[in-house]
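S.K.: Provided below: input.txt, containing compact mmCIF, C-alpha atoms.
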# COMPACT_ATOMS: atom_id res chain seq x y z
CA MET A 1 -7.92 28.28 -4.46
CA ALA A 2 -10.17 27.56 -1.52
CA ARG A 3 -13.14 29.79 -0.99
CA ARG A 4 -15.37 30.35 1.98
CA GLY A 5 -18.90 29.02 2.04
CA ARG A 6 -21.63 29.17 4.62
CA ASP A 7 -20.49 29.26 8.22
CA ASP A 8 -16.94 30.00 7.00
CA ASP A 9 -16.38 26.40 5.88
CA LEU A 10 -13.62 26.10 3.32
CA LEU A 11 -14.86 24.87 -0.04
CA LEU A 12 -12.50 23.50 -2.66
CA GLU A 13 -12.79 24.58 -6.23
CA GLU A 14 -13.04 21.89 -8.90
CA ASP A 15 -9.30 21.89 -9.79
CA GLU A 16 -8.31 21.59 -6.13
CA LEU A 17 -10.77 18.77 -5.56
CA THR A 18 -9.38 16.91 -8.57
CA ALA A 19 -5.83 17.52 -7.31
CA ALA A 20 -6.75 16.19 -3.86
CA PHE A 21 -7.83 12.87 -5.37
CA LEU A 22 -5.31 12.54 -8.20
CA GLY A 23 -2.30 14.16 -6.60
CA ASP A 24 -0.36 17.08 -7.98
CA ASP A 25 1.98 14.82 -9.98
CA ASP A 26 -0.91 13.37 -12.00
CA LEU A 27 -2.24 16.84 -12.86
CA ALA A 28 1.19 18.26 -13.68
CA ALA A 29 1.90 15.36 -16.01
CA GLY A 30 -1.41 15.95 -17.76
CA ASP A 31 -2.72 12.54 -16.74
CA SER A 32 -4.89 11.50 -19.66
CA THR A 33 -6.30 8.48 -17.81
CA ALA A 34 -8.27 10.66 -15.42
CA ALA A 35 -11.82 11.21 -16.61
CA ALA A 36 -12.98 14.79 -16.90
CA PRO A 37 -15.60 15.68 -14.28
CA ASP A 38 -18.40 15.74 -16.89
CA GLN A 39 -17.38 12.49 -18.60
CA PRO A 40 -17.83 8.92 -17.35
CA ALA A 41 -14.80 6.75 -16.68
CA ALA A 42 -13.64 4.44 -19.46
CA PRO A 43 -15.36 1.05 -19.56
CA ALA A 44 -13.39 -1.89 -18.18
CA ASP A 45 -12.68 -3.30 -21.66
CA GLU A 46 -10.81 -0.09 -22.57
CA TRP A 47 -8.32 -0.26 -19.68
CA ASP A 48 -4.64 -0.40 -20.46
CA GLU A 49 -3.53 -4.03 -20.77
CA ASP A 50 -0.18 -3.28 -19.05
CA GLU A 51 -1.97 -2.10 -15.89
CA ALA A 52 -3.74 -5.45 -15.61
CA GLN A 53 -0.36 -7.18 -15.34
CA LEU A 54 0.88 -5.12 -12.38
CA PRO A 55 0.73 -6.78 -8.96
CA GLY A 56 -1.64 -5.35 -6.38
CA GLN A 57 -0.24 -3.46 -3.43
CA LEU A 58 -0.61 -4.79 0.06
CA ALA A 59 -1.96 -2.31 2.63
CA VAL A 60 0.13 -2.24 5.80
CA ASP A 61 0.30 -0.67 9.25
CA VAL A 62 3.78 0.06 10.62
CA TYR A 63 4.29 1.04 14.25
CA GLU A 64 6.78 0.70 17.07
CA THR A 65 6.79 -0.21 20.71
CA LYS A 66 9.68 0.37 23.12
CA GLU A 67 11.35 -2.88 22.08
CA LYS A 68 10.00 -3.69 18.60
CA LEU A 69 9.05 -2.45 15.17
CA VAL A 70 5.82 -4.09 13.96
CA VAL A 71 4.37 -4.42 10.45
CA LYS A 72 0.80 -5.71 10.07
CA ALA A 73 -0.97 -6.56 6.84
CA ARG A 74 -4.39 -7.97 6.04
CA THR A 75 -3.75 -11.15 4.07
CA ALA A 76 -7.06 -13.00 4.39
CA GLY A 77 -7.29 -15.74 1.78
CA VAL A 78 -3.53 -16.23 1.49
CA ASN A 79 -2.00 -19.57 2.46
CA LYS A 80 1.10 -19.03 4.62
CA ASN A 81 3.05 -21.37 2.32
CA GLU A 82 2.35 -18.95 -0.53
CA LEU A 83 3.72 -15.89 1.30
CA ASP A 84 7.24 -14.71 0.57
CA VAL A 85 8.60 -12.40 3.29
CA SER A 86 12.17 -11.15 3.01
CA ILE A 87 14.42 -8.36 4.30
CA SER A 88 17.42 -6.80 2.61
CA ASP A 89 19.19 -3.49 3.27
CA ASN A 90 16.59 -2.50 5.89
CA GLN A 91 13.76 -3.01 3.37
CA LEU A 92 10.96 -5.49 4.00
CA THR A 93 9.28 -7.18 1.02
CA VAL A 94 6.05 -9.18 1.25
CA ARG A 95 4.78 -11.06 -1.82
CA GLY A 96 1.96 -13.51 -2.31
CA THR A 97 -1.14 -14.46 -4.24
CA LEU A 98 -4.77 -13.98 -3.28
CA SER A 99 -6.77 -16.84 -4.73
CA ALA A 100 -10.49 -16.51 -5.41
CA GLY A 101 -10.84 -20.27 -5.68
CA ASN A 102 -12.47 -22.09 -8.57
CA GLU A 103 -14.43 -19.69 -10.79
CA ASP A 104 -14.59 -21.76 -13.98
CA ASP A 105 -18.39 -21.67 -14.13
CA VAL A 106 -18.75 -17.87 -13.74
CA GLU A 107 -20.54 -16.41 -16.76
CA ASN A 108 -20.86 -12.78 -15.73
CA TYR A 109 -19.84 -10.57 -12.81
CA PHE A 110 -22.36 -8.00 -11.64
CA LEU A 111 -19.93 -6.46 -9.17
CA GLN A 112 -16.24 -7.25 -8.63
CA GLU A 113 -14.51 -5.17 -5.97
CA CYS A 114 -12.13 -7.70 -4.43
CA TYR A 115 -8.57 -7.90 -5.71
CA TRP A 116 -7.46 -11.41 -6.67
CA GLY A 117 -4.01 -12.24 -7.90
CA GLU A 118 -0.42 -11.45 -7.10
CA PHE A 119 0.49 -8.70 -4.67
CA SER A 120 3.78 -7.23 -3.57
CA ARG A 121 4.88 -4.52 -1.17
CA THR A 122 8.35 -3.28 -0.28
CA ILE A 123 8.71 -1.00 2.73
CA ALA A 124 11.79 0.93 3.82
CA LEU A 125 11.87 0.26 7.56
CA PRO A 126 11.86 3.56 9.49
CA VAL A 127 14.29 2.39 12.20
CA PRO A 128 17.27 0.04 12.24
CA VAL A 129 16.27 -3.54 13.16
CA LYS A 130 18.08 -6.67 14.29
CA GLU A 131 17.79 -9.05 11.34
CA GLU A 132 18.35 -12.03 13.64
CA GLU A 133 15.33 -11.03 15.75
CA ILE A 134 12.46 -11.22 13.25
CA GLU A 135 9.23 -13.07 13.86
CA ALA A 136 6.44 -13.48 11.30
CA MET A 137 3.03 -14.92 12.17
CA LEU A 138 -0.15 -15.37 10.13
CA LYS A 139 -3.27 -15.57 12.28
CA ASP A 140 -6.91 -14.93 11.38
CA GLY A 141 -5.91 -13.42 8.02
CA VAL A 142 -3.47 -10.90 9.52
CA LEU A 143 0.26 -11.15 8.85
CA THR A 144 2.25 -9.68 11.75
CA ILE A 145 6.00 -9.21 11.39
CA SER A 146 7.92 -8.09 14.49
CA PHE A 147 11.50 -6.88 14.50
CA GLY A 148 13.81 -6.30 17.44
CA LYS A 149 14.97 -2.69 17.22
CA VAL A 150 18.64 -1.74 17.30
CA GLN A 151 19.06 0.42 20.37
CA GLN A 152 20.74 3.63 19.33
CA ASP A 153 23.41 4.88 21.66
CA THR A 154 22.73 8.17 23.25
CA VAL A 155 24.39 11.16 21.66
CA LYS A 156 27.82 10.27 20.37
CA LYS A 157 30.30 13.13 20.42
CA ILE A 158 32.30 13.50 17.21
CA GLN A 159 35.60 15.31 17.39
CA VAL A 160 36.18 17.77 14.58
CA LEU A 161 39.78 17.71 13.32
Kindly return the structure encoded in the file as C-alpha cells.
M.R.:
Amino acid sequence: MARRGRDDDLLLEEDELTAAFLGDDDLAAGDSTAAAPDQPAAPADEWDEDEAQLPGQLAVDVYETKEKLVVKARTAGVNKNELDVSISDNQLTVRGTLSAGNEDDVENYFLQECYWGEFSRTIALPVPVKEEEIEAMLKDGVLTISFGKVQQDTVKKIQVL
C-alpha cells in the first residue's frame, strides 16, 4: 500500500517496491531466485546453468507512419550475414549472434556488462502488413525493418441474418 510522505509524495512500501521491479507474477509464484532485501544476490558461479543457455533478447522500437510499420533494433557488432530476419503469420523474428571477438588471452574480468552470444526476438506485429513490401537495412549498428501496411477499408457493414 502506498503511503504519503513529505509534500504529499507517494512512497512505496517494501513489498510494493519489490513488486514493481520483479512483477506481480514473480512474487505470486514465490520466486526463490529473487534475493531478499537484506541479503546479497547469489554469486555468478551459483547461477542456474539452464539460464546461461537461453538466448538474449533483442531490444526493439516499433512504430508506424501513415504508410509503413517500422521496427528498429540496436545490433551493433552483428555482421549482416549473421542476421536471420523472417516473418510468418504476422510475427517478425530476428536472430543473430553478438561476437566479442577473440578473448582467448583473458584471465579475469573485473566488470562484464555487455551481452555476447546468441539473441532472438519474436514480435507479433500490431497491424497487418504486406509481406511483399518488406525492406531490411543494417546501418551504423541499427537494424531497420520497414513494412508496407495493409490499408484497412473503412467500416464494412455486415448484414445480420
S.K.: Take CA of Val129 (chain A) and CA of Val60 (chain A) and report the distance between them in Å, one decimal.
M.R.: 17.8 Å
S.K.: Which polymer residues have any atom within 12 Å of an atom of Ala73 (chain A), counting all atoms listed in the file, with same-chain residues fewer than 2 positions away left out, as a ChimeraX atom specification?
M.R.: /A:57-63,70-71,75-76,78,83,85,93-96,119-121,123,136-146
S.K.: Residues of the last selection are to be written out with C-alpha atoms, as a CSV table (one decimal), in the coordinates of the input.
M.R.:
chain,number,residue,atom,x,y,z
A,57,GLN,CA,-0.2,-3.5,-3.4
A,58,LEU,CA,-0.6,-4.8,0.1
A,59,ALA,CA,-2.0,-2.3,2.6
A,60,VAL,CA,0.1,-2.2,5.8
A,61,ASP,CA,0.3,-0.7,9.2
A,62,VAL,CA,3.8,0.1,10.6
A,63,TYR,CA,4.3,1.0,14.2
A,70,VAL,CA,5.8,-4.1,14.0
A,71,VAL,CA,4.4,-4.4,10.4
A,75,THR,CA,-3.8,-11.2,4.1
A,76,ALA,CA,-7.1,-13.0,4.4
A,78,VAL,CA,-3.5,-16.2,1.5
A,83,LEU,CA,3.7,-15.9,1.3
A,85,VAL,CA,8.6,-12.4,3.3
A,93,THR,CA,9.3,-7.2,1.0
A,94,VAL,CA,6.0,-9.2,1.2
A,95,ARG,CA,4.8,-11.1,-1.8
A,96,GLY,CA,2.0,-13.5,-2.3
A,119,PHE,CA,0.5,-8.7,-4.7
A,120,SER,CA,3.8,-7.2,-3.6
A,121,ARG,CA,4.9,-4.5,-1.2
A,123,ILE,CA,8.7,-1.0,2.7
A,136,ALA,CA,6.4,-13.5,11.3
A,137,MET,CA,3.0,-14.9,12.2
A,138,LEU,CA,-0.2,-15.4,10.1
A,139,LYS,CA,-3.3,-15.6,12.3
A,140,ASP,CA,-6.9,-14.9,11.4
A,141,GLY,CA,-5.9,-13.4,8.0
A,142,VAL,CA,-3.5,-10.9,9.5
A,143,LEU,CA,0.3,-11.2,8.8
A,144,THR,CA,2.2,-9.7,11.8
A,145,ILE,CA,6.0,-9.2,11.4
A,146,SER,CA,7.9,-8.1,14.5
S.K.: Could you check the closest approach to Pro128 (chain A) for each of A:Val150, A:Trp116, A:Asp104, A:Leu111 and tell me which residue wins, using all atoms listed in the file?
M.R.: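 Answer, going by the shortest atom-to-atom distance: A:Val150.
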S.K.: Please return the centre and edge lengths, in Å to one decimal, of a box with edges along x, y and z that contains all listed atoms of region 72-82 of chain A, widened by 6 Å on every side, as JSON.
M.R.:
{"center_x": -2.1, "center_y": -13.5, "center_z": 4.8, "size_x": 22.3, "size_y": 27.7, "size_z": 22.6}
S.K.: Using CA of Leu92 (chain A) and CA of Thr65 (chain A) as the two end points, give the distance in Å to one decimal.
M.R.: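 Here the two named atoms are 18.0 Å from each other.
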